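Pasted below: entry-v4.txt, compact mmCIF, C-alpha atoms and all ligand atoms.
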```txt
# COMPACT_ATOMS: atom_id res chain seq x y z
CA MET A 1 17.14 -0.67 12.88
CA THR A 2 18.22 -3.32 10.38
CA THR A 3 21.19 -5.63 10.39
CA ASN A 4 23.88 -4.70 7.90
CA ALA A 5 24.41 -7.48 5.36
CA LEU A 6 28.05 -6.46 4.94
CA ASN A 7 28.62 -7.98 8.38
CA SER A 8 25.85 -10.52 8.79
CA PRO A 9 24.56 -12.55 5.80
CA ARG A 10 21.05 -11.75 4.60
CA PHE A 11 19.75 -15.27 5.15
CA CYS A 12 20.58 -15.16 8.86
CA ASN A 13 18.23 -13.88 11.55
CA THR A 14 15.33 -13.25 9.17
CA GLY A 15 11.69 -13.21 10.15
CA THR A 16 11.15 -9.48 10.56
CA PHE A 17 10.80 -6.83 7.86
CA MET A 18 14.27 -5.75 6.70
CA ARG A 19 15.58 -7.74 9.69
CA MET A 20 14.34 -5.00 11.99
CA PRO A 21 14.09 -5.54 15.75
CA GLN A 22 10.90 -7.09 17.07
CA PHE A 23 8.33 -4.77 18.56
CA LYS A 24 8.49 -4.46 22.33
CA SER A 25 6.87 -1.11 23.03
CA ALA A 26 5.57 1.77 20.93
CA GLU A 27 7.70 4.21 22.91
CA GLY A 28 10.19 6.11 20.79
CA LEU A 29 9.16 4.46 17.54
CA ASP A 30 8.27 6.29 14.33
CA PHE A 31 6.64 3.35 12.58
CA VAL A 32 5.81 -0.34 12.95
CA ILE A 33 5.39 -3.09 10.40
CA VAL A 34 2.26 -5.10 11.19
CA GLY A 35 1.28 -8.38 9.51
CA VAL A 36 -2.43 -8.95 8.92
CA PRO A 37 -2.59 -12.48 7.48
CA PHE A 38 -6.33 -12.57 6.80
CA ASP A 39 -7.83 -13.71 3.49
CA THR A 40 -11.43 -14.58 4.27
CA GLY A 41 -12.54 -11.50 2.30
CA SER A 42 -11.12 -12.87 -0.96
CA SER A 43 -13.61 -13.51 -3.76
CA TYR A 44 -11.51 -15.63 -6.13
CA ARG A 45 -8.09 -17.05 -5.21
CA SER A 46 -7.36 -17.23 -1.51
CA GLY A 47 -3.95 -17.48 0.17
CA SER A 48 -2.95 -13.90 0.91
CA ARG A 49 -2.76 -15.05 4.55
CA PHE A 50 0.77 -16.07 3.59
CA GLY A 51 1.57 -12.59 2.23
CA PRO A 52 3.21 -11.06 5.32
CA THR A 53 5.66 -13.96 5.72
CA ALA A 54 6.63 -13.90 2.03
CA ILE A 55 7.16 -10.13 2.08
CA ARG A 56 9.25 -10.30 5.25
CA ASN A 57 11.42 -13.13 3.87
CA ILE A 58 12.47 -11.30 0.72
CA SER A 59 12.71 -7.92 2.48
CA ALA A 60 16.11 -9.09 3.74
CA MET A 61 17.35 -7.89 0.33
CA ILE A 62 16.59 -4.23 1.04
CA LYS A 63 19.34 -1.80 2.00
CA PRO A 64 18.79 1.37 4.04
CA ASN A 65 19.63 4.06 1.47
CA ASN A 66 16.86 5.26 -0.83
CA VAL A 67 18.82 6.74 -3.71
CA GLN A 68 15.89 8.42 -5.49
CA LEU A 69 14.61 10.12 -2.34
CA GLU A 70 18.15 10.79 -1.09
CA VAL A 71 17.46 9.51 2.39
CA ASN A 72 18.81 6.84 4.71
CA VAL A 73 15.97 5.25 6.65
CA LEU A 74 18.26 4.07 9.46
CA GLU A 75 19.63 7.51 10.19
CA ASN A 76 16.25 9.17 10.35
CA LEU A 77 13.73 6.74 11.78
CA LYS A 78 13.12 4.16 14.48
CA GLY A 79 10.99 1.21 13.49
CA ALA A 80 10.13 -2.28 14.63
CA ASP A 81 8.22 -5.30 13.41
CA TYR A 82 5.11 -6.00 15.48
CA GLY A 83 4.64 -9.50 14.08
CA ASP A 84 1.17 -10.56 13.01
CA ILE A 85 -2.20 -9.59 14.37
CA SER A 86 -4.14 -12.54 15.86
CA ILE A 87 -6.75 -12.67 13.10
CA ILE A 88 -9.53 -15.31 13.15
CA PRO A 89 -9.63 -17.22 9.85
CA GLY A 90 -13.16 -17.41 8.46
CA TYR A 91 -14.61 -14.65 10.64
CA ILE A 92 -14.58 -11.20 9.14
CA GLU A 93 -16.22 -8.98 11.73
CA PRO A 94 -14.51 -10.51 14.79
CA THR A 95 -11.21 -10.14 12.91
CA PHE A 96 -11.94 -6.48 12.18
CA GLU A 97 -12.44 -5.96 15.92
CA VAL A 98 -9.11 -7.62 16.71
CA ILE A 99 -7.29 -5.54 14.06
CA GLU A 100 -8.77 -2.33 15.42
CA LYS A 101 -8.01 -3.28 19.01
CA GLU A 102 -4.41 -4.28 18.35
CA LEU A 103 -3.65 -1.22 16.20
CA ALA A 104 -5.23 1.24 18.64
CA PRO A 105 -2.36 1.57 21.15
CA ILE A 106 0.19 1.88 18.32
CA ILE A 107 -1.77 4.63 16.59
CA GLU A 108 -2.64 6.28 19.90
CA ALA A 109 1.10 6.55 20.64
CA GLY A 110 1.56 8.45 17.37
CA VAL A 111 3.41 5.56 15.73
CA ILE A 112 2.66 5.03 12.04
CA PRO A 113 1.46 1.54 11.11
CA ILE A 114 2.55 -0.08 7.84
CA CYS A 115 0.31 -3.13 7.50
CA LEU A 116 1.09 -6.13 5.30
CA GLY A 117 -2.00 -8.01 4.12
CA GLY A 118 -3.92 -10.06 3.75
CA ASP A 119 -6.79 -9.25 1.43
CA HIS A 120 -8.15 -5.74 0.94
CA SER A 121 -11.05 -6.17 3.39
CA ILE A 122 -8.61 -5.50 6.26
CA THR A 123 -8.15 -1.86 5.26
CA LEU A 124 -11.59 -0.98 6.61
CA ALA A 125 -10.53 -2.11 10.09
CA GLU A 126 -7.26 -0.18 9.79
CA LEU A 127 -9.15 2.95 8.75
CA ARG A 128 -11.51 2.58 11.71
CA ALA A 129 -8.48 2.55 14.03
CA ILE A 130 -6.90 5.51 12.23
CA ALA A 131 -10.12 7.56 12.32
CA LYS A 132 -10.46 7.02 16.06
CA LYS A 133 -7.33 9.09 16.58
CA TYR A 134 -7.27 11.41 13.58
CA GLY A 135 -10.90 11.68 12.46
CA PRO A 136 -11.74 11.09 8.79
CA VAL A 137 -8.57 10.99 6.66
CA SER A 138 -7.92 11.28 2.94
CA LEU A 139 -7.41 8.02 1.09
CA VAL A 140 -4.73 7.50 -1.53
CA HIS A 141 -5.78 4.23 -3.14
CA TYR A 142 -3.65 2.52 -5.83
CA ASP A 143 -5.42 -0.55 -7.18
CA SER A 144 -6.76 -1.98 -10.42
CA HIS A 145 -10.20 -2.09 -8.74
CA LEU A 146 -12.34 0.57 -7.07
CA ASP A 147 -13.42 -1.74 -4.20
CA LEU A 148 -16.62 0.29 -3.84
CA ASN A 149 -19.23 -2.47 -4.24
CA LYS A 150 -22.38 -2.10 -2.15
CA GLN A 151 -22.25 -5.81 -1.35
CA VAL A 152 -20.57 -8.94 -2.64
CA PHE A 153 -22.36 -12.30 -2.32
CA GLY A 154 -25.02 -10.34 -0.41
CA GLN A 155 -22.48 -9.46 2.28
CA ASN A 156 -21.25 -6.08 3.46
CA HIS A 157 -17.65 -7.10 4.13
CA ASN A 158 -15.40 -8.48 1.44
CA HIS A 159 -12.27 -7.28 -0.36
CA GLY A 160 -14.49 -5.58 -2.95
CA THR A 161 -16.40 -3.38 -0.49
CA PRO A 162 -14.06 -1.67 2.02
CA PHE A 163 -14.15 1.88 0.65
CA ARG A 164 -17.93 1.96 0.23
CA ARG A 165 -18.17 1.06 3.93
CA ALA A 166 -15.47 3.60 4.83
CA VAL A 167 -17.48 6.39 3.15
CA GLU A 168 -20.70 5.27 4.84
CA GLU A 169 -18.97 5.16 8.22
CA GLY A 170 -17.52 8.63 7.70
CA ILE A 171 -13.97 7.47 8.42
CA ILE A 172 -12.51 8.79 5.16
CA ASP A 173 -13.20 12.03 3.34
CA PRO A 174 -13.89 11.01 -0.28
CA HIS A 175 -13.71 14.64 -1.43
CA THR A 176 -9.97 14.74 -0.71
CA SER A 177 -9.38 11.11 -1.67
CA ILE A 178 -8.13 9.64 -4.92
CA GLN A 179 -8.18 6.23 -6.59
CA VAL A 180 -5.53 5.48 -9.19
CA GLY A 181 -4.89 2.66 -11.66
CA MET A 182 -8.35 1.17 -12.21
CA ARG A 183 -8.83 -0.99 -15.29
CA GLY A 184 -10.30 -4.22 -16.59
CA SER A 185 -13.79 -5.45 -17.37
CA LEU A 186 -16.72 -4.48 -15.15
CA TYR A 187 -20.17 -5.79 -14.21
CA ASP A 188 -21.56 -2.28 -14.04
CA PRO A 189 -20.31 0.16 -16.70
CA ASP A 190 -21.29 3.01 -14.35
CA ASP A 191 -18.78 2.06 -11.64
CA PHE A 192 -16.63 5.13 -12.32
CA LYS A 193 -19.70 7.35 -12.19
CA ILE A 194 -20.67 5.80 -8.86
CA ALA A 195 -17.18 6.51 -7.49
CA ALA A 196 -17.54 10.15 -8.54
CA GLU A 197 -21.01 10.37 -6.98
CA LEU A 198 -19.56 9.10 -3.71
CA GLY A 199 -17.07 11.97 -3.93
CA PHE A 200 -13.90 10.24 -5.15
CA LYS A 201 -11.57 11.42 -7.87
CA VAL A 202 -10.50 8.47 -10.03
CA ILE A 203 -7.55 8.31 -12.42
CA PRO A 204 -8.01 5.06 -14.36
CA ALA A 205 -4.96 3.23 -15.76
CA ASP A 206 -5.44 4.48 -19.33
CA LYS A 207 -5.62 8.06 -18.05
CA VAL A 208 -2.36 7.56 -16.10
CA ARG A 209 -0.73 6.51 -19.41
CA GLU A 210 -2.06 9.62 -21.07
CA LEU A 211 -1.01 12.02 -18.27
CA GLY A 212 2.37 10.47 -17.53
CA LEU A 213 3.86 9.72 -14.12
CA LYS A 214 4.72 13.30 -13.10
CA GLU A 215 1.35 14.81 -13.93
CA THR A 216 -0.49 11.90 -12.30
CA GLY A 217 1.59 12.48 -9.19
CA ARG A 218 0.83 16.19 -9.25
CA GLN A 219 -2.92 15.48 -9.41
CA VAL A 220 -2.69 13.08 -6.47
CA ARG A 221 -0.83 15.68 -4.38
CA GLU A 222 -3.22 18.44 -5.41
CA ARG A 223 -6.22 16.31 -4.46
CA VAL A 224 -4.99 15.51 -0.93
CA GLY A 225 -3.22 18.80 -0.21
CA ASN A 226 -2.05 19.10 3.39
CA LYS A 227 -4.71 16.74 4.81
CA LEU A 228 -3.77 13.69 6.85
CA ALA A 229 -3.91 10.65 4.61
CA PHE A 230 -3.81 6.88 4.49
CA PHE A 231 -2.07 5.10 1.61
CA THR A 232 -3.54 1.75 0.60
CA LEU A 233 -1.84 -0.18 -2.17
CA ASP A 234 -3.34 -3.30 -3.71
CA ILE A 235 -0.51 -5.19 -5.41
CA ASP A 236 -2.77 -5.86 -8.42
CA PHE A 237 -2.10 -2.20 -9.29
CA ALA A 238 1.03 -3.63 -10.92
CA ASP A 239 0.63 -5.69 -14.07
CA PRO A 240 0.42 -9.47 -13.52
CA ALA A 241 3.69 -9.71 -15.47
CA TYR A 242 5.31 -7.89 -12.51
CA ALA A 243 3.01 -9.11 -9.74
CA PRO A 244 1.55 -12.51 -10.66
CA GLY A 245 1.10 -13.51 -7.03
CA THR A 246 -2.27 -11.94 -6.35
CA GLY A 247 -5.89 -12.99 -6.03
CA THR A 248 -7.73 -11.02 -8.72
CA PRO A 249 -5.20 -9.90 -11.36
CA GLU A 250 -5.98 -7.38 -14.12
CA VAL A 251 -3.83 -7.07 -17.24
CA GLY A 252 -2.75 -3.75 -18.72
CA GLY A 253 -1.21 -2.52 -15.49
CA PHE A 254 1.97 -0.85 -14.33
CA THR A 255 5.55 -2.01 -14.29
CA SER A 256 7.48 -2.24 -11.02
CA PHE A 257 9.33 0.93 -12.03
CA GLU A 258 6.10 2.84 -12.67
CA THR A 259 4.56 1.56 -9.44
CA LEU A 260 7.51 2.73 -7.32
CA SER A 261 7.74 6.05 -9.20
CA LEU A 262 4.04 6.78 -8.71
CA ILE A 263 4.40 6.08 -4.99
CA ARG A 264 7.39 8.44 -4.67
CA GLU A 265 5.32 11.18 -6.31
CA THR A 266 3.27 11.30 -3.08
CA LYS A 267 6.23 12.06 -0.82
CA GLU A 268 4.91 15.48 0.24
CA ILE A 269 1.64 14.04 1.56
CA ASN A 270 1.15 13.72 5.33
CA PHE A 271 0.55 10.02 5.73
CA VAL A 272 -0.55 8.59 9.08
CA GLY A 273 -0.79 4.98 7.92
CA PHE A 274 -0.07 2.63 5.02
CA ASP A 275 -0.85 -0.84 3.83
CA ILE A 276 0.14 -3.23 1.06
CA VAL A 277 -2.44 -5.92 0.38
CA GLU A 278 -3.35 -8.90 -1.81
CA VAL A 279 0.08 -10.53 -2.08
CA LEU A 280 -0.60 -14.23 -2.66
CA PRO A 281 2.64 -16.24 -2.57
CA ALA A 282 1.16 -19.49 -3.96
CA TYR A 283 0.72 -17.81 -7.35
CA ASP A 284 4.00 -15.92 -7.18
CA SER A 285 6.97 -16.72 -9.33
CA ALA A 286 10.57 -16.33 -8.14
CA GLU A 287 9.24 -14.08 -5.30
CA ILE A 288 8.80 -11.18 -7.73
CA THR A 289 5.45 -10.09 -6.29
CA ALA A 290 6.66 -10.35 -2.71
CA TYR A 291 9.84 -8.47 -3.62
CA LEU A 292 7.87 -5.67 -5.24
CA ALA A 293 5.68 -5.49 -2.10
CA ALA A 294 8.77 -5.35 0.12
CA ASN A 295 10.16 -2.51 -1.98
CA ILE A 296 6.84 -0.69 -1.74
CA GLY A 297 7.10 -1.00 2.04
CA PHE A 298 10.61 0.44 1.79
CA GLU A 299 9.30 3.40 -0.27
CA PHE A 300 6.66 4.07 2.40
CA ILE A 301 9.33 4.03 5.13
CA SER A 302 11.59 6.22 2.98
CA MET A 303 8.88 8.83 2.54
CA LEU A 304 8.48 8.97 6.33
CA ALA A 305 12.25 9.26 6.73
CA LEU A 306 12.42 12.07 4.21
CA LYS A 307 9.67 14.01 6.00
CA LYS A 308 11.51 13.65 9.29
CA LYS A 309 14.82 14.67 7.75
CA LEU A 310 13.32 17.78 6.13
CA ASN A 311 11.47 18.80 9.31
CA ARG A 312 14.62 18.66 11.36
MN MN B 401 -7.49 -5.03 -6.75
MN MN B 402 -8.29 -3.91 -3.78
```
Go ahead and render the structure in this file as structure tokens.
Ligand code: MN
Ligand code: MN
Amino acid sequence: MTTNALNSPRFCNTGTFMRMPQFKSAEGLDFVIVGVPFDTGSSYRSGSRFGPTAIRNISAMIKPNNVQLEVNVLENLKGADYGDISIIPGYIEPTFEVIEKELAPIIEAGVIPICLGGDHSITLAELRAIAKKYGPVSLVHYDSHLDLNKQVFGQNHNHGTPFRRAVEEGIIDPHTSIQVGMRGSLYDPDDFKIAAELGFKVIPADKVRELGLKETGRQVRERVGNKLAFFTLDIDFADPAYAPGTGTPEVGGFTSFETLSLIRETKEINFVGFDIVEVLPAYDSAEITAYLAANIGFEFISMLALKKKLNR
């Protein structure tokens, strides 16, 4: 899958995630990396259209062995990098259609997409494509925001609304879904109540601190059980000290270590898709945000590899 940096320097032949081969056909693949460089749904800073490229560049640093999960992703999985979806800057709904259309054959073939955003609005289109094959899935949502607004600027589609739309469209099952890491100031103090009324379980950031990483992980696993699930990770889940390159940062967040640990806690869950969104390279510093995002992608791949290894 990847090129070994013991033989070929890391800065050579870059351009794909972990220097994986480029996508040619879905046949025989376990997963694909898909760039979705769309940031028209951003409400504050824009520029996450450059996220996929930044994540791919620094992903050359990643090696195939996941020591914590005790798995080698090369030995257990076949993956490729699809490149970027042909999004249409400035046009949300036509872009959603393109995302859904391009993901469909991949998902239909049983290949697991790992999408690199782009702003969080894109996840709605991904979930539409996922639901077409699998029906409504459970959502594991790590973010500092709930993204459950009814509308933003009087519009239905924005990076603050995707999961409200997903519930309305019946493409996720909120009753087996969980939102983790929420914090920061709010317009409506009842936002957490609204999330609960929609059916979600929410573990805000301060509660995660109180419970600890293991117990938080246990509650996430208990919530989803053996349902098929989609993991969406907004990089602003991590504290801006660890992920400054993002559009709407919130202080009081998680370290890189905590972020990766909380992801690994979900390794038993049956994921059928993943994304990592809101990486905004223009505000990044020394590629730390992009590197965290690349490592999150590696954790996602490692969890798939571990499942395959254990099912063998
Ligand atoms: Mn967010
Ligand atoms: Mn978000």
Draw an axis-aligned box over all listed atoms of stretch 132-142 of chain A, pad each side with 6 Å, and write its centre and edge lengths in Å, one decimal, as JSON.
```
{"center_x": -7.7, "center_y": 7.1, "center_z": 5.4, "size_x": 20.1, "size_y": 21.2, "size_z": 34.4}
```
Which stretch 197-252 of chain A residues have any atom within 10 Å of an atom of stretch 160-171 of chain A, and for each, what is the nearest pair of atoms with distance in Å to one decimal, counting only C-alpha atoms, rows sorted by chain and number, as a tab-separated table?
```
residue	atom	partner	partner_atom	distance
A:Leu198	CA	A:Val167	CA	7.7
A:Gly199	CA	A:Val167	CA	9.0
A:Phe200	CA	A:Val167	CA	9.8
```
- prompt: Quick one: distance from atom CA of A:Thr53 to atom CA of A:Leu262 in Å, one decimal?
  reply: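 We find that atom CA of A:Thr53 and atom CA of A:Leu262 lie 25.3 Å from each other.
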Given 10 Å and only C-alpha atoms and all ligand atoms, residues near ligand MN 401 (chain B) as number ranges by chain: A: 119-120, 142-147, 159-160, 181-183, 233-238, 246-250, 277-278
Top pick for closest residue to ligand MN 402 (chain B), considering A:Lys214, A:Ile269, A:Ser121, A:Asn295 and counting all atoms listed in the file: A:Ser121
message: Quick check, in Å to one decimal: how far apart do atom CA of A:Pro37 and atom CA of A:Gly252 lie?
response: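 Atom-to-atom, atom CA of A:Pro37 to atom CA of A:Gly252, that is 27.6 Å.
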- prompt: Quick one: residues within 12 Å of A:Gly110, only C-alpha atoms counted, chain neighbours fewer than 3 positions away excluded, as a ChimeraX atom specification?
  reply: /A:26-32,103-107,113,130,133-134,271-273
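Rounded to one decimal, atom CA of A:Ala60 and atom CA of A:Gly15 lie 8.8 Å from each other.
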- prompt: A:Asn158, A:Thr289, A:Ser177, A:Thr14: which is nearest ligand MN 402 (chain B), counting only C-alpha atoms and all ligand atoms?
  reply: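 Comparing A:Asn158, A:Thr289, A:Ser177, A:Thr14 against ligand MN 402 (chain B), the winner is A:Asn158.
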message: Restricting the calculation to all atoms listed in the file: of A:Asn72, A:Thr16, A:Ile276, A:Lys193, which residue gets closest to ligand MN 402 (chain B)?
response: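 Among the listed residues, A:Ile276 lies closest to ligand MN 402 (chain B).
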Non-local contacts of A:Tyr82 (6 Å; all atoms listed in the file; under 5 positions in same chain excluded) as a PyMOL selection string: chain A and resi 23+33-34
message: So that I can check the surroundings of A:Glu222, please list as a ChimeraX atom specification every protein, DNA and RNA residue that reaches within 12 Å of it, counting only C-alpha atoms and ignoring chain neighbours fewer than 3 positions away.
response: /A:138,140,175-178,201,215-219,225-227,265-266,268-269
Deliver the residues from the most recent selection as a file, using C-alpha atoms, as a JSON list (two decimals), in the coordinates of the input.
```json
[["chain", "number", "residue", "atom", "x", "y", "z"],
["A", 138, "SER", "CA", -7.92, 11.28, 2.94],
["A", 140, "VAL", "CA", -4.73, 7.50, -1.53],
["A", 175, "HIS", "CA", -13.71, 14.64, -1.43],
["A", 176, "THR", "CA", -9.97, 14.74, -0.71],
["A", 177, "SER", "CA", -9.38, 11.11, -1.67],
["A", 178, "ILE", "CA", -8.13, 9.64, -4.92],
["A", 201, "LYS", "CA", -11.57, 11.42, -7.87],
["A", 215, "GLU", "CA", 1.35, 14.81, -13.93],
["A", 216, "THR", "CA", -0.49, 11.90, -12.30],
["A", 217, "GLY", "CA", 1.59, 12.48, -9.19],
["A", 218, "ARG", "CA", 0.83, 16.19, -9.25],
["A", 219, "GLN", "CA", -2.92, 15.48, -9.41],
["A", 225, "GLY", "CA", -3.22, 18.80, -0.21],
["A", 226, "ASN", "CA", -2.05, 19.10, 3.39],
["A", 227, "LYS", "CA", -4.71, 16.74, 4.81],
["A", 265, "GLU", "CA", 5.32, 11.18, -6.31],
["A", 266, "THR", "CA", 3.27, 11.30, -3.08],
["A", 268, "GLU", "CA", 4.91, 15.48, 0.24],
["A", 269, "ILE", "CA", 1.64, 14.04, 1.56]]
```
Would you list the contacts of A:Glu287 as a compact mmCIF listing (two decimals) with C-alpha atoms, keeping the file's coordinate frame, taking every protein, DNA or RNA residue within 9 Å and counting only C-alpha atoms, but skipping same-chain residues closer than 4 positions in sequence?
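The file below, around_28.txt, is the result:
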```
# COMPACT_ATOMS: atom_id res chain seq x y z
CA ALA A 54 6.63 -13.90 2.03
CA ILE A 55 7.16 -10.13 2.08
CA ILE A 58 12.47 -11.30 0.72
CA GLY A 245 1.10 -13.51 -7.03
CA PRO A 281 2.64 -16.24 -2.57
CA TYR A 291 9.84 -8.47 -3.62
CA LEU A 292 7.87 -5.67 -5.24
```
field: Given only C-alpha atoms and all ligand atoms as the counted atoms, nearest of A:Ile122, A:Cys12, A:Val208, A:Ile62 to ligand MN 402 (chain B)
entry: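 Once distances to ligand MN 402 (chain B) are computed over only C-alpha atoms and all ligand atoms, the minimum belongs to A:Ile122.
For the set A:Lys307, A:Arg223, A:His157, A:Lys207, the residue with the smallest atom-to-atom gap to A:Ser42 is A:His157, counting all atoms listed in the file.
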Proximity to ligand MN 402 (chain B) - best of A:Thr232, A:Phe153, A:Ser59, A:Ala196, only C-alpha atoms and all ligand atoms: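 Going through A:Thr232, A:Phe153, A:Ser59, A:Ala196 one by one, the smallest distance to ligand MN 402 (chain B) is for A:Thr232.
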query: Mind listing as a list in words all residues within 6 Å of (4.4, -3.7, -14.5), counting all atoms listed in the file?
result: Ala238, Asp239, Tyr242, Gly253, Phe254, Thr255 and Ser256 of chain A
Expected residue set, 8 Å radius at (13.7, -1.8, 3.8), all atoms listed in the file, as a ChimeraX atom specification: /A:17-18,59-64,73,294-295,297-299,301
With C-alpha atoms kept, could you save the residues just selected as an mmCIF file, in the coordinates of the input?
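Everything below was put into out-v6.cif:
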```cif
data_model
loop_
_atom_site.group_PDB
_atom_site.id
_atom_site.type_symbol
_atom_site.label_atom_id
_atom_site.label_comp_id
_atom_site.auth_asym_id
_atom_site.auth_seq_id
_atom_site.Cartn_x
_atom_site.Cartn_y
_atom_site.Cartn_z
ATOM 1 C CA PHE A 17 10.800 -6.830 7.860
ATOM 2 C CA MET A 18 14.270 -5.750 6.700
ATOM 3 C CA SER A 59 12.710 -7.920 2.480
ATOM 4 C CA ALA A 60 16.110 -9.090 3.740
ATOM 5 C CA MET A 61 17.350 -7.890 0.330
ATOM 6 C CA ILE A 62 16.590 -4.230 1.040
ATOM 7 C CA LYS A 63 19.340 -1.800 2.000
ATOM 8 C CA PRO A 64 18.790 1.370 4.040
ATOM 9 C CA VAL A 73 15.970 5.250 6.650
ATOM 10 C CA ALA A 294 8.770 -5.350 0.120
ATOM 11 C CA ASN A 295 10.160 -2.510 -1.980
ATOM 12 C CA GLY A 297 7.100 -1.000 2.040
ATOM 13 C CA PHE A 298 10.610 0.440 1.790
ATOM 14 C CA GLU A 299 9.300 3.400 -0.270
ATOM 15 C CA ILE A 301 9.330 4.030 5.130
#
```
